$ cat target.cif   # mmCIF, C-alpha atoms and all ligand atoms
data_model
#
loop_
_atom_site.label_atom_id
_atom_site.label_comp_id
_atom_site.auth_asym_id
_atom_site.auth_seq_id
_atom_site.Cartn_x
_atom_site.Cartn_y
_atom_site.Cartn_z
CA MET N 223 16.34 25.43 -23.76
CA SER N 224 17.59 25.42 -20.18
CA ARG N 225 20.16 28.20 -20.55
CA PRO N 226 18.97 31.81 -20.24
CA ARG N 227 18.32 33.73 -23.46
CA LEU N 228 21.04 36.24 -24.37
CA MET N 229 19.08 39.47 -24.81
CA ILE N 230 21.73 42.17 -24.58
CA PRO N 231 22.24 44.64 -27.43
CA GLY N 232 24.80 42.33 -29.03
CA PRO N 233 26.03 39.71 -29.27
CA ILE N 234 22.61 38.15 -29.71
CA GLU N 235 21.21 34.63 -30.05
CA PHE N 236 22.18 33.22 -33.46
CA THR N 237 20.19 30.72 -35.53
CA ASP N 238 21.11 27.02 -35.50
CA GLU N 239 21.93 27.20 -39.23
CA VAL N 240 24.40 30.04 -38.61
CA MET N 241 26.05 28.24 -35.68
CA ALA N 242 26.38 25.05 -37.75
CA GLU N 243 28.61 26.94 -40.20
CA MET N 244 30.96 27.82 -37.34
CA ALA N 245 31.49 24.09 -36.67
CA ARG N 246 32.31 23.09 -40.25
CA PRO N 247 35.88 22.17 -41.25
CA THR N 248 37.58 25.42 -42.28
CA PRO N 249 38.23 25.51 -46.03
CA SER N 250 41.12 27.37 -47.65
CA HIS N 251 40.35 31.04 -48.19
CA VAL N 252 41.02 30.42 -51.90
CA ASP N 253 38.92 27.24 -52.16
CA PRO N 254 36.49 27.68 -55.09
CA GLY N 255 33.55 26.77 -52.84
CA PHE N 256 34.55 29.40 -50.31
CA ILE N 257 35.16 32.01 -53.02
CA ALA N 258 31.57 31.47 -54.20
CA ILE N 259 30.26 31.88 -50.65
CA PHE N 260 32.27 35.08 -50.07
CA GLY N 261 31.11 36.52 -53.41
CA GLN N 262 27.49 35.78 -52.58
CA ALA N 263 27.86 37.32 -49.12
CA LEU N 264 29.18 40.56 -50.66
CA GLU N 265 26.23 40.74 -53.03
CA ASP N 266 23.77 39.95 -50.26
CA LEU N 267 25.24 42.57 -47.92
CA ARG N 268 24.52 45.18 -50.55
CA SER N 269 20.95 43.90 -50.86
CA VAL N 270 20.40 43.98 -47.08
CA PHE N 271 21.49 47.65 -47.04
CA LEU N 272 19.26 48.33 -50.09
CA ALA N 273 22.21 49.64 -52.12
CA GLY N 274 22.73 49.25 -55.87
CA PRO N 275 25.48 47.47 -57.83
CA ASP N 276 27.82 50.49 -57.90
CA TYR N 277 28.04 50.51 -54.10
CA GLN N 278 31.12 48.70 -52.77
CA PRO N 279 30.76 46.20 -49.92
CA PHE N 280 33.65 45.26 -47.61
CA ILE N 281 33.67 42.25 -45.27
CA LEU N 282 36.62 42.57 -42.86
CA ALA N 283 37.93 40.48 -39.97
CA GLY N 284 37.44 42.72 -36.95
CA SER N 285 34.64 44.19 -34.90
CA GLY N 286 32.34 47.15 -35.42
CA THR N 287 35.06 49.50 -34.23
CA LEU N 288 37.24 48.26 -37.09
CA ALA N 289 34.42 49.10 -39.52
CA MET N 290 34.30 52.62 -38.04
CA ASP N 291 38.10 52.86 -38.26
CA SER N 292 38.03 51.68 -41.87
CA ALA N 293 35.46 54.30 -42.92
CA VAL N 294 37.23 57.17 -41.18
CA ALA N 295 40.82 56.20 -42.02
CA ASN N 296 39.96 56.12 -45.72
CA LEU N 297 37.60 59.10 -45.97
CA VAL N 298 39.11 61.64 -43.57
CA GLU N 299 42.30 63.47 -44.44
CA PRO N 300 44.20 65.61 -41.93
CA GLY N 301 42.46 68.97 -41.65
CA ASP N 302 39.08 67.73 -42.93
CA ARG N 303 36.18 69.25 -41.04
CA VAL N 304 33.82 66.67 -39.61
CA LEU N 305 30.51 67.29 -37.87
CA VAL N 306 29.66 64.48 -35.44
CA VAL N 307 25.97 64.12 -34.62
CA ASP N 308 26.49 63.04 -31.02
CA THR N 309 23.73 60.94 -29.47
CA GLY N 310 25.86 59.02 -26.98
CA TYR N 311 28.79 56.75 -26.24
CA PHE N 312 29.36 55.44 -29.77
CA SER N 313 29.07 58.87 -31.41
CA GLN N 314 31.86 59.93 -29.08
CA ARG N 315 33.93 56.96 -30.20
CA MET N 316 33.43 58.08 -33.81
CA ALA N 317 34.65 61.58 -32.87
CA ASP N 318 37.75 60.04 -31.24
CA ILE N 319 38.53 58.04 -34.37
CA VAL N 320 38.11 61.11 -36.60
CA GLN N 321 40.53 63.04 -34.38
CA ARG N 322 43.02 60.16 -34.45
CA TYR N 323 43.18 60.51 -38.26
CA GLY N 324 43.64 64.29 -38.10
CA GLY N 325 40.06 65.40 -38.73
CA GLU N 326 38.76 68.53 -37.02
CA VAL N 327 35.68 67.55 -35.04
CA THR N 328 32.67 69.70 -34.24
CA ARG N 329 30.03 67.99 -32.11
CA LEU N 330 26.30 68.56 -32.42
CA ARG N 331 25.38 67.13 -29.08
CA ALA N 332 22.09 65.76 -27.78
CA ALA N 333 21.50 65.25 -24.04
CA PRO N 334 21.26 61.53 -23.10
CA GLY N 335 17.89 60.29 -24.36
CA GLU N 336 17.42 63.17 -26.80
CA THR N 337 18.08 63.09 -30.53
CA VAL N 338 19.33 65.65 -33.07
CA SER N 339 16.78 66.77 -35.64
CA ALA N 340 17.39 67.46 -39.31
CA GLU N 341 16.53 71.12 -38.63
CA GLN N 342 19.20 71.36 -35.92
CA LEU N 343 21.72 69.83 -38.32
CA ARG N 344 20.74 72.28 -41.08
CA GLU N 345 21.34 75.17 -38.67
CA ALA N 346 24.77 73.85 -37.72
CA LEU N 347 25.72 73.27 -41.36
CA ALA N 348 24.64 76.80 -42.26
CA GLN N 349 27.23 78.19 -39.85
CA ASP N 350 30.28 76.37 -41.22
CA ALA N 351 31.40 74.18 -44.10
CA TYR N 352 32.04 70.50 -43.43
CA ASP N 353 33.59 67.73 -45.49
CA LEU N 354 31.80 64.98 -43.63
CA VAL N 355 28.94 64.30 -41.21
CA THR N 356 28.81 61.21 -39.00
CA ILE N 357 25.58 59.82 -37.59
CA THR N 358 24.92 56.96 -35.17
CA HIS N 359 21.77 55.23 -36.42
CA VAL N 360 20.98 53.74 -33.00
CA ASP N 361 23.19 54.72 -30.11
CA THR N 362 23.42 51.55 -28.05
CA SER N 363 24.14 53.56 -24.90
CA THR N 364 20.81 55.44 -24.94
CA GLY N 365 18.48 53.48 -27.23
CA VAL N 366 18.04 56.65 -29.29
CA LEU N 367 17.17 56.27 -32.97
CA THR N 368 18.25 59.08 -35.29
CA ASP N 369 16.38 60.25 -38.39
CA VAL N 370 19.05 59.04 -40.81
CA GLN N 371 17.02 59.95 -43.87
CA GLY N 372 16.41 63.56 -42.76
CA LEU N 373 19.91 64.09 -41.36
CA THR N 374 21.53 62.68 -44.48
CA ALA N 375 19.43 64.90 -46.76
CA ALA N 376 20.51 67.94 -44.70
CA ALA N 377 24.18 66.97 -44.94
CA LYS N 378 24.11 66.14 -48.65
CA ASP N 379 22.38 69.44 -49.45
CA GLU N 380 25.46 71.14 -48.01
CA GLY N 381 27.86 68.92 -49.95
CA ALA N 382 29.12 66.82 -47.02
CA LEU N 383 29.65 63.07 -47.20
CA VAL N 384 27.76 60.97 -44.64
CA ILE N 385 29.04 58.03 -42.59
CA VAL N 386 26.36 56.18 -40.62
CA ASP N 387 27.28 53.83 -37.78
CA GLY N 388 24.60 51.18 -38.13
CA VAL N 389 26.16 48.69 -35.70
CA CYS N 390 23.05 48.55 -33.52
CA ALA N 391 20.61 49.10 -36.38
CA ALA N 392 21.59 47.39 -39.65
CA ALA N 393 19.23 44.61 -40.73
CA ALA N 394 16.62 45.78 -38.19
CA GLU N 395 15.90 49.52 -38.45
CA GLU N 396 14.67 50.87 -41.78
CA MET N 397 17.68 51.78 -43.92
CA ARG N 398 17.66 52.43 -47.67
CA GLN N 399 21.28 53.27 -48.32
CA GLU N 400 20.99 54.25 -51.97
CA ALA N 401 17.58 55.96 -51.82
CA TRP N 402 18.67 57.95 -48.77
CA ASP N 403 22.11 58.69 -50.31
CA VAL N 404 24.14 57.43 -47.34
CA ASP N 405 27.84 57.25 -48.29
CA VAL N 406 29.00 54.65 -45.80
CA TYR N 407 26.71 52.36 -43.85
CA LEU N 408 28.64 50.13 -41.49
CA THR N 409 27.92 47.43 -38.96
CA ALA N 410 29.34 44.48 -37.04
CA SER N 411 28.42 40.83 -37.39
CA GLN N 412 27.21 40.19 -33.84
CA LYS N 413 24.06 42.29 -33.88
CA ALA N 414 20.98 42.12 -36.10
CA ILE N 415 23.05 40.79 -39.00
CA GLY N 416 23.07 37.61 -36.93
CA THR N 417 26.62 36.17 -36.99
CA PRO N 418 29.01 35.67 -34.05
CA PRO N 419 31.37 38.57 -33.25
CA GLY N 420 34.39 39.08 -35.48
CA LEU N 421 33.38 40.81 -38.71
CA GLY N 422 33.26 44.49 -39.57
CA LEU N 423 30.96 45.24 -42.52
CA LEU N 424 30.73 48.35 -44.69
CA VAL N 425 29.04 49.40 -47.90
CA VAL N 426 30.53 52.46 -49.63
CA SER N 427 28.89 54.80 -52.17
CA PRO N 428 30.49 55.80 -55.49
CA GLN N 429 30.84 59.36 -54.16
CA ALA N 430 32.74 58.19 -51.09
CA LYS N 431 34.94 55.97 -53.23
CA ALA N 432 35.72 59.02 -55.39
CA LYS N 433 36.76 61.02 -52.30
CA TRP N 434 39.04 58.18 -51.26
CA LEU N 435 40.55 57.96 -54.77
CA GLY N 436 41.20 61.71 -54.74
CA ARG N 437 43.15 61.70 -51.45
CA SER N 438 46.34 63.71 -51.39
CA THR N 439 47.73 61.91 -48.31
CA PRO N 440 48.23 58.19 -47.70
CA VAL N 441 45.71 56.33 -45.53
CA GLY N 442 47.09 56.41 -41.97
CA SER N 443 46.23 52.78 -41.19
CA TYR N 444 47.91 49.82 -42.88
CA TYR N 445 45.27 47.16 -42.15
CA SER N 446 42.28 49.41 -42.90
CA ASP N 447 43.58 50.82 -46.21
CA TRP N 448 40.99 50.25 -48.95
CA GLY N 449 43.92 50.23 -51.38
CA TYR N 450 44.59 46.70 -50.13
CA TRP N 451 41.00 45.59 -49.56
CA LEU N 452 39.18 46.91 -52.61
CA PRO N 453 40.92 44.53 -55.08
CA ILE N 454 40.21 41.63 -52.70
CA MET N 455 36.50 42.39 -52.46
CA GLU N 456 36.31 42.89 -56.24
CA ALA N 457 38.09 39.57 -56.81
CA TYR N 458 35.79 37.59 -54.50
CA GLU N 459 32.75 39.15 -56.14
CA ALA N 460 34.16 38.18 -59.56
CA ARG N 461 34.56 34.66 -58.05
CA LYS N 462 38.37 34.82 -58.32
CA ALA N 463 41.07 33.94 -55.79
CA SER N 464 42.94 36.77 -54.16
CA TYR N 465 44.86 37.47 -50.95
CA PHE N 466 45.83 40.42 -48.78
CA ALA N 467 45.16 39.18 -45.24
CA THR N 468 43.40 35.94 -44.30
CA PRO N 469 39.64 36.39 -44.06
CA ALA N 470 37.71 34.99 -41.06
CA VAL N 471 36.64 32.01 -43.13
CA ASN N 472 34.06 30.35 -40.86
CA LEU N 473 32.56 33.70 -39.89
CA VAL N 474 32.14 34.59 -43.55
CA MET N 475 30.41 31.23 -44.13
CA ALA N 476 28.12 31.91 -41.17
CA LEU N 477 27.47 35.46 -42.42
CA ALA N 478 26.49 34.14 -45.84
CA VAL N 479 23.84 31.96 -44.17
CA SER N 480 22.46 34.75 -41.98
CA LEU N 481 22.31 37.22 -44.89
CA ARG N 482 20.32 34.64 -46.86
CA GLN N 483 17.95 34.15 -43.92
CA ILE N 484 17.41 37.92 -43.72
CA LEU N 485 16.81 38.28 -47.46
CA ASN N 486 14.49 35.27 -47.49
CA GLU N 487 12.36 36.97 -44.86
CA GLY N 488 12.49 40.21 -46.90
CA MET N 489 13.78 43.61 -45.76
CA GLU N 490 10.33 45.18 -45.37
CA GLN N 491 9.24 42.22 -43.21
CA VAL N 492 12.46 42.41 -41.18
CA PHE N 493 11.92 46.14 -40.47
CA ALA N 494 8.25 45.54 -39.58
CA ARG N 495 9.01 42.60 -37.27
CA HIS N 496 11.55 44.61 -35.29
CA GLU N 497 9.06 47.44 -34.91
CA ARG N 498 6.25 45.13 -33.81
CA LEU N 499 8.34 43.24 -31.25
CA SER N 500 9.91 46.44 -29.94
CA ASN N 501 6.48 47.99 -29.44
CA ALA N 502 5.47 44.91 -27.45
CA VAL N 503 8.55 45.09 -25.19
CA LYS N 504 8.03 48.80 -24.62
CA ALA N 505 4.33 48.30 -23.84
CA GLY N 506 5.30 45.69 -21.25
CA ILE N 507 7.91 47.97 -19.66
CA GLU N 508 5.42 50.82 -19.49
CA ALA N 509 2.75 48.58 -17.96
CA MET N 510 5.14 47.85 -15.07
CA GLY N 511 5.47 51.59 -14.43
CA LEU N 512 9.06 51.91 -15.66
CA GLY N 513 10.26 54.93 -17.64
CA GLN N 514 12.71 54.77 -20.55
CA VAL N 515 15.87 56.66 -21.49
CA PRO N 516 14.66 57.97 -24.91
CA THR N 517 12.57 61.04 -24.08
CA ASP N 518 10.04 60.38 -26.84
CA ALA N 519 8.74 57.12 -28.33
CA ALA N 520 9.18 58.71 -31.77
CA HIS N 521 12.96 58.51 -31.44
CA ALA N 522 13.23 55.23 -29.53
CA ALA N 523 15.14 52.42 -31.25
CA HIS N 524 13.45 49.16 -32.25
CA THR N 525 16.56 47.06 -31.64
CA LEU N 526 16.78 47.62 -27.89
CA THR N 527 14.82 49.05 -24.98
CA CYS N 528 16.44 51.10 -22.20
CA PRO N 529 14.13 50.98 -19.14
CA ARG N 530 14.91 53.13 -16.12
CA TYR N 531 15.14 51.29 -12.80
CA PRO N 532 12.15 51.95 -10.59
CA GLU N 533 12.66 53.44 -7.12
CA GLY N 534 14.67 51.11 -4.88
CA VAL N 535 15.99 48.86 -7.67
CA ASP N 536 19.51 48.88 -9.14
CA ALA N 537 21.75 46.79 -11.39
CA GLY N 538 21.81 44.03 -8.74
CA PHE N 539 18.38 42.98 -10.03
CA LEU N 540 19.86 41.81 -13.34
CA LYS N 541 21.14 38.72 -11.49
CA PHE N 542 17.53 37.78 -10.65
CA VAL N 543 16.46 38.35 -14.26
CA ARG N 544 19.20 36.01 -15.39
CA GLU N 545 17.98 33.32 -12.98
CA GLU N 546 14.49 33.88 -14.36
CA GLY N 547 15.64 33.21 -17.92
CA ALA N 548 17.17 36.25 -19.65
CA ILE N 549 20.62 37.85 -19.72
CA LEU N 550 20.31 41.64 -19.94
CA ALA N 551 22.83 44.49 -19.96
CA GLY N 552 23.35 47.33 -17.49
CA GLY N 553 23.63 51.00 -18.40
CA LEU N 554 26.47 52.28 -20.61
CA HIS N 555 26.21 56.05 -21.04
CA PRO N 556 28.58 57.47 -18.40
CA ALA N 557 26.19 60.29 -17.38
CA ILE N 558 23.30 57.95 -16.50
CA LYS N 559 24.96 54.54 -16.25
CA SER N 560 23.46 53.52 -12.89
CA GLU N 561 19.92 54.63 -13.76
CA TYR N 562 18.85 52.16 -16.44
CA PHE N 563 19.32 48.74 -18.02
CA ARG N 564 19.18 47.50 -21.59
CA ILE N 565 17.17 44.77 -23.31
CA GLY N 566 18.30 43.78 -26.80
CA HIS N 567 15.69 42.48 -29.23
CA MET N 568 17.18 42.24 -32.68
CA GLY N 569 18.10 39.70 -35.32
CA ALA N 570 16.33 36.35 -35.19
CA VAL N 571 14.19 37.52 -32.29
CA SER N 572 10.63 36.20 -31.94
CA ARG N 573 7.48 36.85 -29.94
CA ALA N 574 8.50 33.98 -27.69
CA ASP N 575 11.69 35.89 -26.80
CA VAL N 576 9.67 39.01 -26.03
CA LEU N 577 7.39 37.10 -23.66
CA THR N 578 10.35 35.31 -22.06
CA VAL N 579 12.22 38.52 -21.37
CA LEU N 580 9.21 40.39 -20.01
CA GLY N 581 8.33 37.44 -17.77
CA ALA N 582 11.89 37.38 -16.47
CA VAL N 583 11.92 41.14 -15.85
CA GLU N 584 8.58 40.96 -14.00
CA ALA N 585 9.84 38.15 -11.78
CA GLY N 586 13.21 39.83 -11.27
CA LEU N 587 11.58 43.09 -10.20
CA ARG N 588 9.40 41.26 -7.67
CA ARG N 589 12.46 39.54 -6.23
CA ALA N 590 14.17 42.94 -6.00
CA GLY N 591 11.27 44.20 -3.90
CA TYR N 592 9.36 46.20 -6.51
CA ALA N 593 5.64 45.48 -6.43
CA VAL N 594 4.50 44.38 -9.85
CA GLU N 595 1.44 42.22 -10.34
CA PRO N 596 2.32 38.94 -12.09
CA GLY N 597 1.38 39.10 -15.74
CA VAL N 598 0.90 42.85 -16.27
CA ALA N 599 3.83 43.23 -18.63
CA LEU N 600 2.92 40.04 -20.47
CA ALA N 601 -0.70 41.16 -20.86
CA ALA N 602 0.36 44.53 -22.26
CA ALA N 603 2.79 42.90 -24.68
CA GLN N 604 0.21 40.34 -25.79
CA ALA N 605 -2.29 43.11 -26.41
CA GLU N 606 0.28 44.99 -28.49
CA LEU N 607 1.17 41.86 -30.45
CA ALA N 608 -2.50 41.17 -31.14
CA ARG N 609 -3.02 44.60 -32.72
N1 LIG N 701 28.76 51.43 -32.67
C1 LIG N 701 27.66 51.03 -32.03
C2 LIG N 701 26.39 51.79 -32.24
C3 LIG N 701 27.71 49.91 -31.20
O1 LIG N 701 26.62 49.50 -30.57
C4 LIG N 701 28.92 49.22 -31.03
C5 LIG N 701 29.03 47.98 -30.15
N2 LIG N 701 28.17 47.89 -29.11
C6 LIG N 701 30.04 49.67 -31.72
C7 LIG N 701 29.92 50.78 -32.54
C8 LIG N 701 31.37 49.01 -31.60
O2 LIG N 701 31.29 47.72 -32.10
P1 LIG N 701 32.30 46.58 -31.61
O3 LIG N 701 32.06 46.40 -30.14
O4 LIG N 701 31.90 45.39 -32.41
O5 LIG N 701 33.66 47.05 -31.90
#
$ encode --input "target.cif" --output "structure tokens" --more "lines below"
Ligand code: PMP
Amino acid sequence: MSRPRLMIPGPIEFTDEVMAEMARPTPSHVDPGFIAIFGQALEDLRSVFLAGPDYQPFILAGSGTLAMDSAVANLVEPGDRVLVVDTGYFSQRMADIVQRYGGEVTRLRAAPGETVSAEQLREALAQDAYDLVTITHVDTSTGVLTDVQGLTAAAKDEGALVIVDGVCAAAAEEMRQEAWDVDVYLTASQKAIGTPPGLGLLVVSPQAKAKWLGRSTPVGSYYSDWGYWLPIMEAYEARKASYFATPAVNLVMALAVSLRQILNEGMEQVFARHERLSNAVKAGIEAMGLGQVPTDAAHAAHTLTCPRYPEGVDAGFLKFVREEGAILAGGLHPAIKSEYFRIGHMGAVSRADVLTVLGAVEAGLRRAGYAVEPGVALAAAQAELAR
């Protein structure tokens, strides 16, 4: 492949089988063949999130922000008290959406690179009553991984519903939606789920559905209202034709293929592969003497790595990395934006990608004037992969 590998934290490189679906003639959204594909995709989405048959999946045309909007618009009523576990840029977006729908937001804030522990959440919940807690599984702006299982248990013990933004985590980081009692797990197509941008995906628990059914006020968004979408999702899953708004037909076909690829690999294998490859990238970064934004490896994401620029290097070096074979992203968190860059390694990522990106970063750093011995990052990654 002569073009550089796209290794930002989404969109990612998609498999050839997924891309082939995008090029197929678009069928009618009520074509029996397409209805079968949509129905299968709904079932498979539930399986990827490790949720049981009474959990309700939604596949919507839109991005991850639409999935966030859909969860909040339907579950938050004006005056509801919402605790936002704030680990960065996308937690702040969730807080903004909650406020837009009239929720009262309290933030439990972590400094950039830090996480919020289950104990800290328990303390906050002991001080006030909340209807809902939101958690960002991996905040893409800091590379911080939250303890979704522990945080969710803390919230549920206090009777709050839990929405988890899994946009930079789903189908990569360990997530057992039903076992961990997560009420909404949501993501977007363009990340580890492995489909081009354009779909917002959610799976909703029976408890969350009950809260939505018991609303005393109408949902403040027309397009996001589950009142329109629930019958559509139920119809597709029952392999029946139905219409509210035209689905993104080719994207749904592509999603069905990527969900199958993920399930064929197996969720435990998918989680383990992301961890193994992430450890290799991080070992390579460390071997070159670069720090990372997450303050502890124990809460560093496995879907991306956020290395700090070494002395004398800035975002200008990403141009060299691109010429050396990999497209990376700059910083995103406003407080530290100019201090770090981001390497995405999720979805159909392989050891070859890991070695490509580390080789490109090594070469890019040398061209930017930072002394790094050729091969150190690659050797460290190889050693990690051989473990
Ligand atoms: N949440 C997280 C954690 C994200 O990483 C992103 C996208 N980078 C979003 C939400 C928003 O998704 P989208 O850009 O698809 O709207």
$ closest_residue --input "target.cif" --among "N:Val366, N:Met397, N:Cys390, N:Ala502" --to "ligand LIG 701 (chain N)" --atoms "all atoms listed in the file"
N:Cys390
$ residues_near_ligand --input "target.cif" --ligand "ligand LIG 701 (chain N)" --cutoff "9 Å" --atoms "all atoms listed in the file" --output "ChimeraX atom specification"
/N:231-233,284-290,310-313,315-316,358-363,387-391,408-413,419-422
$ closest_residue --input "target.cif" --among "N:Thr364, N:Gln321, N:Ala346, N:Ala376" --to "Thr517 in chain N" --atoms "only C-alpha atoms"
N:Thr364
$ atom_distance --input "target.cif" --atom1 "CA of Val370 in chain N" --atom2 "CA of Ile357 in chain N"
7.3 Å
$ atom_distance --input "target.cif" --atom1 "CA of His521 in chain N" --atom2 "CA of Thr309 in chain N"
11.2 Å
$ closest_residue --input "target.cif" --among "N:Gly365, N:Pro516, N:Gly538, N:Gly581" --to "Ile565 in chain N" --atoms "only C-alpha atoms"
N:Gly365
$ closest_residue --input "target.cif" --among "N:Val543, N:Leu383, N:Ala608, N:Val471" --to "Met244 in chain N" --atoms "all atoms listed in the file"
N:Val471
$ residues_near_point --input "target.cif" --point "(18.4, 64.6, -39.1)" --cutoff "9 Å" --atoms "all atoms listed in the file" --output "MDAnalysis selection string"
chainID N and resid 307 337:344 357 368:377
$ atom_distance --input "target.cif" --atom1 "CA of His567 in chain N" --atom2 "CA of Arg495 in chain N"
10.5 Å
$ residues_near_point --input "target.cif" --point "(11.5, 37.5, -24.6)" --cutoff "12 Å" --atoms "all atoms listed in the file" --output "PyMOL selection string"
chain N and resi 226-230+235+499-500+502-504+506+526+543+546-550+565-568+570-584+599-600+603-604
